[in-house]
file my_file-v3.pdb (PDB, C-alpha atoms)
ATOM      1  CA  MET A  26      83.282 146.638 106.335
ATOM      2  CA  PRO A  27      82.595 146.999 110.039
ATOM      3  CA  ASP A  28      82.972 143.790 111.959
ATOM      4  CA  ALA A  29      79.964 141.999 113.340
ATOM      5  CA  HIS A  30      80.404 143.716 116.668
ATOM      6  CA  HIS A  31      76.736 144.467 117.151
ATOM      7  CA  GLY A  32      75.476 141.480 119.071
ATOM      8  CA  GLU A  33      77.091 142.378 122.357
ATOM      9  CA  HIS A  34      75.470 145.818 122.363
ATOM     10  CA  PHE A  35      71.988 144.400 122.612
ATOM     11  CA  PRO A  36      72.288 142.453 125.837
ATOM     12  CA  GLY A  37      69.062 140.588 126.328
ATOM     13  CA  PRO A  38      67.767 139.344 129.648
ATOM     14  CA  ILE A  39      69.634 136.074 129.124
ATOM     15  CA  HIS A  40      73.066 137.679 129.061
ATOM     16  CA  GLN A  41      72.417 140.379 131.613
ATOM     17  CA  PRO A  42      71.661 139.901 135.293
ATOM     18  CA  PRO A  43      68.631 141.774 136.714
ATOM     19  CA  LEU A  44      68.924 145.531 137.046
ATOM     20  CA  VAL A  45      69.044 145.477 140.869
ATOM     21  CA  ALA A  46      72.010 143.133 140.852
ATOM     22  CA  ASN A  47      73.632 145.470 138.323
ATOM     23  CA  LEU A  48      73.282 148.482 140.597
ATOM     24  CA  GLU A  49      75.036 146.661 143.383
ATOM     25  CA  ALA A  50      77.826 145.668 141.053
ATOM     26  CA  ILE A  51      78.482 149.215 139.827
ATOM     27  CA  GLN A  52      81.550 150.786 141.372
ATOM     28  CA  PRO A  53      81.389 154.454 142.419
ATOM     29  CA  HIS A  54      83.954 155.540 139.833
ATOM     30  CA  GLU A  55      81.665 154.379 137.023
ATOM     31  CA  PHE A  56      79.316 157.264 137.727
ATOM     32  CA  VAL A  57      82.001 159.743 136.790
ATOM     33  CA  HIS A  58      81.308 161.420 133.444
ATOM     34  CA  LEU A  59      84.065 159.882 131.366
ATOM     35  CA  PRO A  60      85.446 161.660 128.313
ATOM     36  CA  HIS A  61      83.693 160.437 125.186
ATOM     37  CA  HIS A  62      83.279 161.172 121.485
ATOM     38  CA  PRO A  63      81.729 164.656 121.010
ATOM     39  CA  LYS A  64      79.039 163.162 118.737
ATOM     40  CA  LEU A  65      77.880 160.631 121.342
ATOM     41  CA  GLN A  66      74.427 161.579 122.651
ATOM     42  CA  HIS A  67      74.162 161.221 126.426
ATOM     43  CA  HIS A  68      71.381 158.639 126.333
ATOM     44  CA  PHE A  69      73.525 156.062 124.530
ATOM     45  CA  ASP A  70      76.120 153.785 126.134
ATOM     46  CA  ASP A  71      78.588 154.041 123.275
ATOM     47  CA  MET A  72      78.984 154.900 119.589
ATOM     48  CA  ALA A  73      78.118 151.384 118.411
ATOM     49  CA  GLN A  74      74.812 151.428 120.281
ATOM     50  CA  GLN A  75      74.116 154.883 118.880
ATOM     51  CA  ILE A  76      74.506 153.848 115.237
ATOM     52  CA  ASP A  77      72.524 150.652 115.852
ATOM     53  CA  ALA A  78      69.642 152.718 117.213
ATOM     54  CA  SER A  79      69.777 155.082 114.221
ATOM     55  CA  THR A  80      69.900 152.186 111.760
ATOM     56  CA  LEU A  81      66.930 150.544 113.430
ATOM     57  CA  GLY A  82      64.960 153.788 113.384
ATOM     58  CA  MET A  83      65.711 154.271 109.684
ATOM     59  CA  TRP A  84      64.566 150.736 108.928
ATOM     60  CA  VAL A  85      61.276 151.371 110.722
ATOM     61  CA  PHE A  86      60.806 154.373 108.428
ATOM     62  CA  LEU A  87      61.763 152.282 105.384
ATOM     63  CA  VAL A  88      59.128 149.698 106.371
ATOM     64  CA  THR A  89      56.489 152.449 106.156
ATOM     65  CA  GLU A  90      57.943 153.309 102.745
ATOM     66  CA  ILE A  91      57.634 149.666 101.676
ATOM     67  CA  MET A  92      53.924 149.826 102.502
ATOM     68  CA  PHE A  93      53.613 153.238 100.779
ATOM     69  CA  PHE A  94      54.931 151.888  97.475
ATOM     70  CA  GLY A  95      53.363 148.472  98.202
ATOM     71  CA  GLY A  96      49.881 149.944  97.906
ATOM     72  CA  LEU A  97      50.660 151.213  94.410
ATOM     73  CA  PHE A  98      52.155 147.851  93.427
ATOM     74  CA  ALA A  99      48.973 146.150  94.672
ATOM     75  CA  ALA A 100      46.833 148.536  92.575
ATOM     76  CA  TYR A 101      49.056 147.726  89.598
ATOM     77  CA  LEU A 102      48.524 144.003  90.202
ATOM     78  CA  VAL A 103      44.726 144.344  90.346
ATOM     79  CA  TYR A 104      44.417 146.407  87.145
ATOM     80  CA  ARG A 105      46.977 144.400  85.217
ATOM     81  CA  HIS A 106      45.041 141.261  86.144
ATOM     82  CA  ALA A 107      41.833 142.937  84.917
ATOM     83  CA  SER A 108      43.341 143.707  81.507
ATOM     84  CA  PRO A 109      46.638 141.944  80.747
ATOM     85  CA  GLU A 110      46.455 142.667  76.990
ATOM     86  CA  GLY A 111      45.687 146.349  77.561
ATOM     87  CA  PHE A 112      48.680 146.699  79.904
ATOM     88  CA  ALA A 113      50.986 144.917  77.464
ATOM     89  CA  GLU A 114      49.807 147.182  74.641
ATOM     90  CA  ALA A 115      50.298 150.312  76.769
ATOM     91  CA  SER A 116      53.725 149.183  78.001
ATOM     92  CA  HIS A 117      54.983 148.981  74.404
ATOM     93  CA  HIS A 118      54.870 152.771  74.167
ATOM     94  CA  LEU A 119      57.474 153.128  76.922
ATOM     95  CA  ASN A 120      61.058 153.411  75.764
ATOM     96  CA  VAL A 121      62.917 150.316  77.016
ATOM     97  CA  THR A 122      66.313 151.860  76.222
ATOM     98  CA  TRP A 123      65.690 154.891  78.442
ATOM     99  CA  GLY A 124      64.337 152.634  81.185
ATOM    100  CA  ALA A 125      67.377 150.345  81.016
ATOM    101  CA  VAL A 126      69.772 153.318  80.937
ATOM    102  CA  ASN A 127      68.101 154.724  84.034
ATOM    103  CA  THR A 128      68.309 151.343  85.787
ATOM    104  CA  ILE A 129      72.072 151.237  85.130
ATOM    105  CA  VAL A 130      72.448 154.892  86.233
ATOM    106  CA  LEU A 131      70.713 154.127  89.545
ATOM    107  CA  ILE A 132      72.784 150.978  90.149
ATOM    108  CA  VAL A 133      76.013 152.930  89.551
ATOM    109  CA  SER A 134      74.721 155.640  91.927
ATOM    110  CA  SER A 135      74.088 152.940  94.546
ATOM    111  CA  LEU A 136      77.702 151.810  94.137
ATOM    112  CA  THR A 137      79.049 155.359  94.552
ATOM    113  CA  MET A 138      76.730 155.793  97.569
ATOM    114  CA  ALA A 139      78.093 152.607  99.152
ATOM    115  CA  LEU A 140      81.635 153.873  98.479
ATOM    116  CA  ALA A 141      80.754 157.250 100.026
ATOM    117  CA  VAL A 142      79.711 155.469 103.236
ATOM    118  CA  ARG A 143      82.833 153.337 103.003
ATOM    119  CA  SER A 144      85.104 156.389 102.618
ATOM    120  CA  ALA A 145      83.606 157.895 105.787
ATOM    121  CA  GLN A 146      83.976 154.578 107.635
ATOM    122  CA  ILE A 147      87.705 154.417 106.916
ATOM    123  CA  SER A 148      88.204 158.133 107.773
ATOM    124  CA  ALA A 149      89.101 159.042 104.191
ATOM    125  CA  PRO A 150      89.893 162.748 103.609
ATOM    126  CA  PRO A 151      86.786 164.998 103.293
ATOM    127  CA  LYS A 152      87.644 165.564  99.605
ATOM    128  CA  THR A 153      87.265 161.827  98.892
ATOM    129  CA  GLN A 154      84.010 161.618 100.837
ATOM    130  CA  VAL A 155      82.572 164.658  99.070
ATOM    131  CA  ALA A 156      83.713 163.297  95.686
ATOM    132  CA  TRP A 157      81.720 160.068  96.128
ATOM    133  CA  ILE A 158      78.695 161.984  97.427
ATOM    134  CA  ALA A 159      78.892 164.411  94.484
ATOM    135  CA  ALA A 160      79.188 161.473  92.042
ATOM    136  CA  THR A 161      76.038 159.969  93.558
ATOM    137  CA  MET A 162      74.220 163.283  93.192
ATOM    138  CA  VAL A 163      75.302 163.718  89.556
ATOM    139  CA  LEU A 164      73.962 160.248  88.742
ATOM    140  CA  GLY A 165      70.733 160.984  90.615
ATOM    141  CA  ALA A 166      70.321 164.183  88.617
ATOM    142  CA  ALA A 167      71.043 162.246  85.408
ATOM    143  CA  PHE A 168      68.235 159.839  86.315
ATOM    144  CA  LEU A 169      65.824 162.746  86.779
ATOM    145  CA  GLY A 170      67.007 164.253  83.482
ATOM    146  CA  VAL A 171      66.154 161.065  81.603
ATOM    147  CA  LYS A 172      62.824 160.956  83.444
ATOM    148  CA  ALA A 173      62.114 164.535  82.279
ATOM    149  CA  ILE A 174      62.838 163.514  78.658
ATOM    150  CA  GLU A 175      60.451 160.561  79.000
ATOM    151  CA  TYR A 176      57.686 162.639  80.614
ATOM    152  CA  THR A 177      58.009 165.278  77.864
ATOM    153  CA  ASP A 178      57.625 162.512  75.292
ATOM    154  CA  LYS A 179      54.433 161.284  77.015
ATOM    155  CA  PHE A 180      52.982 164.811  77.006
ATOM    156  CA  THR A 181      53.723 165.374  73.302
ATOM    157  CA  HIS A 182      52.188 161.996  72.376
ATOM    158  CA  HIS A 183      49.010 162.596  74.427
ATOM    159  CA  LEU A 184      49.750 159.708  76.779
ATOM    160  CA  VAL A 185      49.043 161.689  79.961
ATOM    161  CA  PRO A 186      45.724 160.558  81.489
ATOM    162  CA  GLY A 187      43.053 163.240  81.353
ATOM    163  CA  PRO A 188      40.953 165.005  78.705
ATOM    164  CA  ASN A 189      43.867 165.040  76.248
ATOM    165  CA  PHE A 190      44.618 161.341  76.525
ATOM    166  CA  HIS A 191      44.551 159.798  73.076
ATOM    167  CA  TRP A 192      45.050 156.110  72.359
ATOM    168  CA  THR A 193      44.886 154.507  68.927
ATOM    169  CA  GLY A 194      45.214 150.896  70.096
ATOM    170  CA  LYS A 195      42.560 148.344  70.980
ATOM    171  CA  HIS A 196      42.406 149.006  74.744
ATOM    172  CA  PRO A 197      42.162 152.781  75.356
ATOM    173  CA  GLN A 198      40.618 152.387  78.836
ATOM    174  CA  ALA A 199      43.238 149.930  80.138
ATOM    175  CA  ALA A 200      45.986 152.052  78.552
ATOM    176  CA  GLU A 201      44.760 155.135  80.409
ATOM    177  CA  ILE A 202      44.763 153.180  83.694
ATOM    178  CA  PHE A 203      48.272 151.927  82.887
ATOM    179  CA  TYR A 204      49.530 155.468  82.319
ATOM    180  CA  SER A 205      47.796 156.693  85.488
ATOM    181  CA  LEU A 206      49.720 154.049  87.422
ATOM    182  CA  TYR A 207      52.881 154.826  85.448
ATOM    183  CA  PHE A 208      52.767 158.497  86.437
ATOM    184  CA  CYS A 209      51.811 157.748  90.069
ATOM    185  CA  MET A 210      54.533 155.153  90.583
ATOM    186  CA  THR A 211      57.375 156.838  88.683
ATOM    187  CA  GLY A 212      56.227 160.234  89.988
ATOM    188  CA  LEU A 213      56.359 159.106  93.612
ATOM    189  CA  HIS A 214      59.716 157.480  92.907
ATOM    190  CA  ALA A 215      61.041 160.664  91.256
ATOM    191  CA  THR A 216      59.823 162.675  94.261
ATOM    192  CA  HIS A 217      61.898 160.392  96.452
ATOM    193  CA  MET A 218      64.885 161.013  94.173
ATOM    194  CA  VAL A 219      64.464 164.791  94.519
ATOM    195  CA  ILE A 220      64.261 164.459  98.326
ATOM    196  CA  GLY A 221      67.302 162.175  98.145
ATOM    197  CA  LEU A 222      69.252 164.876  96.292
ATOM    198  CA  GLY A 223      68.319 167.347  99.049
ATOM    199  CA  ILE A 224      69.509 164.923 101.746
ATOM    200  CA  MET A 225      72.749 164.297  99.855
ATOM    201  CA  THR A 226      73.388 168.060  99.615
ATOM    202  CA  VAL A 227      73.250 168.303 103.416
ATOM    203  CA  ILE A 228      75.401 165.176 103.825
ATOM    204  CA  GLY A 229      77.923 166.575 101.320
ATOM    205  CA  ILE A 230      78.226 169.836 103.276
ATOM    206  CA  MET A 231      78.655 167.884 106.530
ATOM    207  CA  ALA A 232      81.379 165.738 104.939
ATOM    208  CA  TRP A 233      83.110 168.867 103.637
ATOM    209  CA  ARG A 234      83.098 170.251 107.215
ATOM    210  CA  ARG A 235      84.972 167.126 108.417
ATOM    211  CA  GLN A 236      82.010 165.800 110.396
ATOM    212  CA  PHE A 237      82.530 162.144 109.508
ATOM    213  CA  ASP A 238      85.214 159.660 110.482
ATOM    214  CA  ALA A 239      85.548 156.005 111.457
ATOM    215  CA  ASP A 240      83.943 156.694 114.859
ATOM    216  CA  TYR A 241      81.019 158.744 113.600
ATOM    217  CA  TYR A 242      79.464 158.256 110.146
ATOM    218  CA  THR A 243      75.814 157.711 111.107
ATOM    219  CA  PRO A 244      74.281 160.414 108.819
ATOM    220  CA  VAL A 245      76.074 159.071 105.712
ATOM    221  CA  GLU A 246      75.037 155.524 106.587
ATOM    222  CA  ILE A 247      71.382 156.540 107.117
ATOM    223  CA  ALA A 248      71.281 158.613 103.912
ATOM    224  CA  GLY A 249      72.770 155.574 102.153
ATOM    225  CA  LEU A 250      69.937 153.351 103.409
ATOM    226  CA  TYR A 251      67.413 155.806 101.946
ATOM    227  CA  TRP A 252      69.238 156.045  98.618
ATOM    228  CA  HIS A 253      69.529 152.255  98.228
ATOM    229  CA  PHE A 254      65.853 151.825  99.095
ATOM    230  CA  VAL A 255      64.846 154.203  96.294
ATOM    231  CA  ASP A 256      67.111 152.169  93.980
ATOM    232  CA  ILE A 257      65.304 148.947  95.007
ATOM    233  CA  VAL A 258      61.908 150.481  94.150
ATOM    234  CA  TRP A 259      63.178 151.237  90.636
ATOM    235  CA  ILE A 260      64.569 147.691  90.305
ATOM    236  CA  PHE A 261      60.934 146.526  90.486
ATOM    237  CA  LEU A 262      59.371 149.432  88.560
ATOM    238  CA  PHE A 263      61.569 148.925  85.494
ATOM    239  CA  PRO A 264      60.507 145.358  84.553
ATOM    240  CA  LEU A 265      56.892 145.817  85.717
ATOM    241  CA  LEU A 266      56.295 148.982  83.681
ATOM    242  CA  TYR A 267      58.672 148.772  80.731
ATOM    243  CA  LEU A 268      59.123 145.080  79.994
ATOM    244  CA  ILE A 269      55.687 143.481  80.132
ATOM    245  CA  GLY A 270      53.814 141.811  77.327
ATOM    246  CA  GLY A 271      56.240 140.284  74.892
ATOM    247  CA  HIS A 272      58.927 142.504  73.522
ATOM    248  CA  PHE A 273      59.875 139.513  71.355
ATOM    249  CA  THR A 274      57.289 140.604  68.800
ATOM    250  CA  GLU A 275      59.309 143.659  67.829
TER
ATOM    251  CA  MET B  22      83.029 143.200  97.540
ATOM    252  CA  TYR B  23      80.982 146.289  96.582
ATOM    253  CA  TYR B  24      82.277 145.956  93.025
ATOM    254  CA  ALA B  25      81.264 142.263  92.887
ATOM    255  CA  VAL B  26      77.729 143.135  94.037
ATOM    256  CA  PHE B  27      77.659 145.980  91.512
ATOM    257  CA  ALA B  28      78.715 143.616  88.704
ATOM    258  CA  ALA B  29      75.988 141.146  89.714
ATOM    259  CA  LEU B  30      73.372 143.945  89.638
ATOM    260  CA  ILE B  31      74.454 145.034  86.137
ATOM    261  CA  VAL B  32      74.384 141.427  84.892
ATOM    262  CA  GLY B  33      70.896 141.053  86.412
ATOM    263  CA  THR B  34      69.681 144.158  84.577
ATOM    264  CA  ILE B  35      71.052 142.906  81.238
ATOM    265  CA  LEU B  36      69.486 139.468  81.831
ATOM    266  CA  THR B  37      66.101 141.088  82.582
ATOM    267  CA  VAL B  38      66.135 143.020  79.298
ATOM    268  CA  LEU B  39      67.287 139.951  77.316
ATOM    269  CA  ALA B  40      64.692 137.695  78.998
ATOM    270  CA  ALA B  41      61.921 140.129  78.011
ATOM    271  CA  LYS B  42      62.815 139.490  74.351
ATOM    272  CA  VAL B  43      62.278 135.720  74.668
ATOM    273  CA  ASP B  44      58.732 134.362  74.582
ATOM    274  CA  MET B  45      58.228 132.170  77.639
ATOM    275  CA  GLY B  46      54.549 132.851  78.241
ATOM    276  CA  VAL B  47      53.709 133.335  81.909
ATOM    277  CA  LEU B  48      57.297 132.396  82.794
ATOM    278  CA  ASN B  49      58.437 135.812  81.506
ATOM    279  CA  ASN B  50      56.888 137.459  84.561
ATOM    280  CA  VAL B  51      58.309 134.830  86.904
ATOM    281  CA  VAL B  52      61.863 135.200  85.540
ATOM    282  CA  MET B  53      61.634 139.006  85.584
ATOM    283  CA  LEU B  54      60.436 139.099  89.194
ATOM    284  CA  LEU B  55      62.935 136.452  90.351
ATOM    285  CA  ILE B  56      65.812 138.537  88.959
ATOM    286  CA  ALA B  57      64.357 141.711  90.529
ATOM    287  CA  CYS B  58      64.017 139.982  93.931
ATOM    288  CA  THR B  59      67.597 138.680  93.705
ATOM    289  CA  LYS B  60      68.874 142.169  92.881
ATOM    290  CA  ALA B  61      66.865 143.701  95.744
ATOM    291  CA  THR B  62      68.227 141.065  98.154
ATOM    292  CA  LEU B  63      71.808 141.851  97.098
ATOM    293  CA  VAL B  64      71.260 145.586  97.640
ATOM    294  CA  ILE B  65      69.646 145.017 101.056
ATOM    295  CA  LEU B  66      72.271 142.559 102.323
ATOM    296  CA  PHE B  67      75.430 144.269 101.080
ATOM    297  CA  PHE B  68      74.837 147.924 100.122
ATOM    298  CA  MET B  69      72.443 148.442 103.046
ATOM    299  CA  HIS B  70      74.697 146.427 105.388
ATOM    300  CA  VAL B  71      71.840 144.299 106.734
ATOM    301  CA  ARG B  72      74.193 141.295 106.535
ATOM    302  CA  TRP B  73      76.182 142.896 109.381
ATOM    303  CA  ALA B  74      73.287 144.553 111.177
ATOM    304  CA  SER B  75      71.845 143.580 114.560
ATOM    305  CA  ARG B  76      69.191 140.875 114.719
ATOM    306  CA  LEU B  77      66.640 143.488 115.707
ATOM    307  CA  THR B  78      67.268 145.330 112.423
ATOM    308  CA  TRP B  79      66.944 142.018 110.548
ATOM    309  CA  ILE B  80      63.567 141.311 112.069
ATOM    310  CA  VAL B  81      62.215 144.827 111.463
ATOM    311  CA  ALA B  82      63.311 144.718 107.815
ATOM    312  CA  MET B  83      61.913 141.226 107.294
ATOM    313  CA  ALA B  84      58.635 142.211 108.995
ATOM    314  CA  GLY B  85      58.222 144.987 106.424
ATOM    315  CA  PHE B  86      58.518 142.580 103.508
ATOM    316  CA  PHE B  87      56.338 140.030 105.290
ATOM    317  CA  TRP B  88      53.481 142.543 105.523
ATOM    318  CA  LEU B  89      53.983 143.383 101.869
ATOM    319  CA  LEU B  90      53.570 139.665 101.151
ATOM    320  CA  LEU B  91      50.331 139.644 103.166
ATOM    321  CA  LEU B  92      49.102 142.633 101.149
ATOM    322  CA  PHE B  93      49.719 140.719  97.915
ATOM    323  CA  ALA B  94      48.040 137.649  99.422
ATOM    324  CA  VAL B  95      44.903 139.753  99.955
ATOM    325  CA  VAL B  96      45.110 140.936  96.341
ATOM    326  CA  GLY B  97      45.511 137.284  95.304
ATOM    327  CA  ASP B  98      42.255 136.491  97.083
ATOM    328  CA  TYR B  99      40.533 139.291  95.181
ATOM    329  CA  MET B 100      41.876 138.077  91.845
ATOM    330  CA  SER B 101      41.092 134.406  92.350
ATOM    331  CA  ARG B 102      37.400 134.970  93.095
ATOM    332  CA  GLY B 103      35.238 133.170  90.605
ATOM    333  CA  TRP B 104      37.880 130.599  89.723
ATOM    334  CA  VAL B 105      35.823 127.987  91.519
ATOM    335  CA  PRO B 106      32.319 127.930  89.954
ATOM    336  CA  GLY B 107      29.637 129.359  92.190
ATOM    337  CA  THR B 108      31.972 131.286  94.491
ATOM    338  CA  LEU B 109      31.497 134.658  92.810
ATOM    339  CA  ARG B 110      28.531 136.546  94.138
TER
END

call {"tool": "encode", "arguments": {"input": "my_file-v3.pdb", "output": "structure tokens"}}
result
Amino acid sequence: MPDAHHGEHFPGPIHQPPLVANLEAIQPHEFVHLPHHPKLQHHFDDMAQQIDASTLGMWVFLVTEIMFFGGLFAAYLVYRHASPEGFAEASHHLNVTWGAVNTIVLIVSSLTMALAVRSAQISAPPKTQVAWIAATMVLGAAFLGVKAIEYTDKFTHHLVPGPNFHWTGKHPQAAEIFYSLYFCMTGLHATHMVIGLGIMTVIGIMAWRRQFDADYYTPVEIAGLYWHFVDIVWIFLFPLLYLIGGHFTE
Amino acid sequence: MYYAVFAALIVGTILTVLAAKVDMGVLNNVVMLLIACTKATLVILFFMHVRWASRLTWIVAMAGFFWLLLLFAVVGDYMSRGWVPGTLR
């Protein structure tokens, strides 16, 4: 893991004298364009500041994603509160085994993603980096494969909301709302997985071209943040969709 | 360390599935969400490196979840209407 070297790169007003005093303190030779890492953008002081800025920017994006999914979770909360029995009844038609398998698949993919970032951080050979990235992508594809099987099952059993929706239980209306939310939430999540696979393809090619080492691994790190975030969404989707309403009765 | 976090996440998943098979009434939801929150915290702190990130990153990440909490608080207001007699119009 990288050391906690970040603090010193965010000098606040307490640690830093006023700018004017700084200018006086600067020696002429400091204006010379010193040799630096080829990946260092000119508007950053150093590599550590650069990756901190990228991480922060990614987190700002992830916060918007939290609100994006948060709205759907709020809708879920409202309708589940309106008809708890209907939601429990509808949830029983989801396959817990497939859901659990997919949860495990995503957790393993998060591990391989973390190890992909790690391999770049320690300047592992491109082959190693690409191997971890490819493993992550295979697991992501496996997740989508399972999702495709589940969706197919919903279509054949008339559980897709719309004119062909057919429910034999006691709460057809609540069940249809449940499946609307199910398709919105898992569909948005699956879309994120597909985008994630696209991002990982680019990252894999970059790793293959020896772009990443201990000094510069920002793109892998940022892609990792995205991948883990999508994993976190599923961590909540799985129990809320698949496991509600007493599976002890089975 | 990554492997330890991974093991904890797998154990959490198994516990969630097992807990769903035990009848605890309302507590089922509480247990399920507590485990999910613990797992999410582990992923954020270790896999997403927030544990080692700058304080600015901490505060931005926390702000996101804080606003999510506010969103659910608003939903809580909506759901609790009518609990006190005479408040539902």

call {"tool": "residues_near_point", "arguments": {"input": "my_file-v3.pdb", "point": "(52.9, 140.3, 101.6)", "cutoff": "12 Å", "atoms": "only C-alpha atoms", "output": "short mmCIF file (atom, residue, chain, number, x, y, z; two decimals) with C-alpha atoms, in the frame of the given file"}}
result
data_model
loop_
_atom_site.label_atom_id
_atom_site.label_comp_id
_atom_site.auth_asym_id
_atom_site.auth_seq_id
_atom_site.Cartn_x
_atom_site.Cartn_y
_atom_site.Cartn_z
CA ILE A 91 57.63 149.67 101.68
CA MET A 92 53.92 149.83 102.50
CA GLY A 95 53.36 148.47 98.20
CA GLY A 96 49.88 149.94 97.91
CA PHE A 98 52.16 147.85 93.43
CA ALA A 99 48.97 146.15 94.67
CA MET B 83 61.91 141.23 107.29
CA ALA B 84 58.64 142.21 109.00
CA GLY B 85 58.22 144.99 106.42
CA PHE B 86 58.52 142.58 103.51
CA PHE B 87 56.34 140.03 105.29
CA TRP B 88 53.48 142.54 105.52
CA LEU B 89 53.98 143.38 101.87
CA LEU B 90 53.57 139.66 101.15
CA LEU B 91 50.33 139.64 103.17
CA LEU B 92 49.10 142.63 101.15
CA PHE B 93 49.72 140.72 97.92
CA ALA B 94 48.04 137.65 99.42
CA VAL B 95 44.90 139.75 99.96
CA VAL B 96 45.11 140.94 96.34
CA GLY B 97 45.51 137.28 95.30
#

call {"tool": "closest_residue", "arguments": {"input": "my_file-v3.pdb", "among": "B:Leu55, B:Leu63, B:Asp44, B:Asp98", "to": "chain A", "atoms": "only C-alpha atoms"}}
result
B:Asp44

call {"tool": "interface_residues", "arguments": {"input": "my_file-v3.pdb", "of": "chain B", "to": "chain A", "cutoff": "6 Å", "atoms": "only C-alpha atoms", "output": "list in words"}}
result
Ala41, Lys42, Val43, Ala57, Ala61, Phe68, Met69, Trp73, Ser75, Thr78 and Gly85 of chain B

call {"tool": "atom_distance", "arguments": {"input": "my_file-v3.pdb", "atom1": "atom CA of Val163 of chain A", "atom2": "atom CA of Ser134 of chain A"}}
result
8.4 Å

call {"tool": "axis_aligned_box", "arguments": {"input": "my_file-v3.pdb", "around": "segment 182-188 of chain A", "padding_each_side": "4 Å", "output": "JSON"}}
result
{"center_x": 46.6, "center_y": 162.4, "center_z": 76.9, "size_x": 19.2, "size_y": 13.3, "size_z": 17.1}

call {"tool": "atom_distance", "arguments": {"input": "my_file-v3.pdb", "atom1": "atom CA of Ala166 of chain A", "atom2": "atom CA of Phe208 of chain A"}}
result
18.6 Å

call {"tool": "residues_around", "arguments": {"input": "my_file-v3.pdb", "residues": "Ala113 of chain A", "least_positions_apart": "2", "cutoff": "10 Å", "atoms": "all atoms listed in the file", "output": "list in words"}}
result
Arg105, Ser108, Pro109, Glu110, Gly111, Ala115, Ser116, His117, His118, His196, Ala199, Ala200, Phe203, Leu266, Tyr267, Leu268, Ile269, Gly270, Gly271 and His272 of chain A

call {"tool": "write_last_selection", "arguments": {"input": "my_file-v3.pdb", "atoms": "C-alpha atoms", "output": "PDB file, in the coordinates of the input"}}
result
ATOM      1  CA  ARG A 105      46.977 144.400  85.217  1.00  0.00           C
ATOM      2  CA  SER A 108      43.341 143.707  81.507  1.00  0.00           C
ATOM      3  CA  PRO A 109      46.638 141.944  80.747  1.00  0.00           C
ATOM      4  CA  GLU A 110      46.455 142.667  76.990  1.00  0.00           C
ATOM      5  CA  GLY A 111      45.687 146.349  77.561  1.00  0.00           C
ATOM      6  CA  ALA A 115      50.298 150.312  76.769  1.00  0.00           C
ATOM      7  CA  SER A 116      53.725 149.183  78.001  1.00  0.00           C
ATOM      8  CA  HIS A 117      54.983 148.981  74.404  1.00  0.00           C
ATOM      9  CA  HIS A 118      54.870 152.771  74.167  1.00  0.00           C
ATOM     10  CA  HIS A 196      42.406 149.006  74.744  1.00  0.00           C
ATOM     11  CA  ALA A 199      43.238 149.930  80.138  1.00  0.00           C
ATOM     12  CA  ALA A 200      45.986 152.052  78.552  1.00  0.00           C
ATOM     13  CA  PHE A 203      48.272 151.927  82.887  1.00  0.00           C
ATOM     14  CA  LEU A 266      56.295 148.982  83.681  1.00  0.00           C
ATOM     15  CA  TYR A 267      58.672 148.772  80.731  1.00  0.00           C
ATOM     16  CA  LEU A 268      59.123 145.080  79.994  1.00  0.00           C
ATOM     17  CA  ILE A 269      55.687 143.481  80.132  1.00  0.00           C
ATOM     18  CA  GLY A 270      53.814 141.811  77.327  1.00  0.00           C
ATOM     19  CA  GLY A 271      56.240 140.284  74.892  1.00  0.00           C
ATOM     20  CA  HIS A 272      58.927 142.504  73.522  1.00  0.00           C
TER      21      HIS A 272
END

call {"tool": "closest_residue", "arguments": {"input": "my_file-v3.pdb", "among": "A:Leu65, A:Met231, A:Met72, A:Val245", "to": "Lys152 of chain A", "atoms": "all atoms listed in the file"}}
result
A:Met231

call {"tool": "atom_distance", "arguments": {"input": "my_file-v3.pdb", "atom1": "atom CA of Thr177 of chain A", "atom2": "atom CA of Thr211 of chain A"}}
result
13.7 Å

call {"tool": "residues_around", "arguments": {"input": "my_file-v3.pdb", "residues": "Ile220 of chain A", "least_positions_apart": "4", "cutoff": "12 Å", "atoms": "only C-alpha atoms", "output": "PyMOL selection string"}}
result
chain A and resi 162+165-166+169+213-216+224-227+248+251-252+255

call {"tool": "residues_around", "arguments": {"input": "my_file-v3.pdb", "residues": "Pro63 of chain A", "least_positions_apart": "6", "cutoff": "12 Å", "atoms": "only C-alpha atoms", "output": "MDAnalysis selection string"}}
result
chainID A and resid 71:72 236:237 240:241
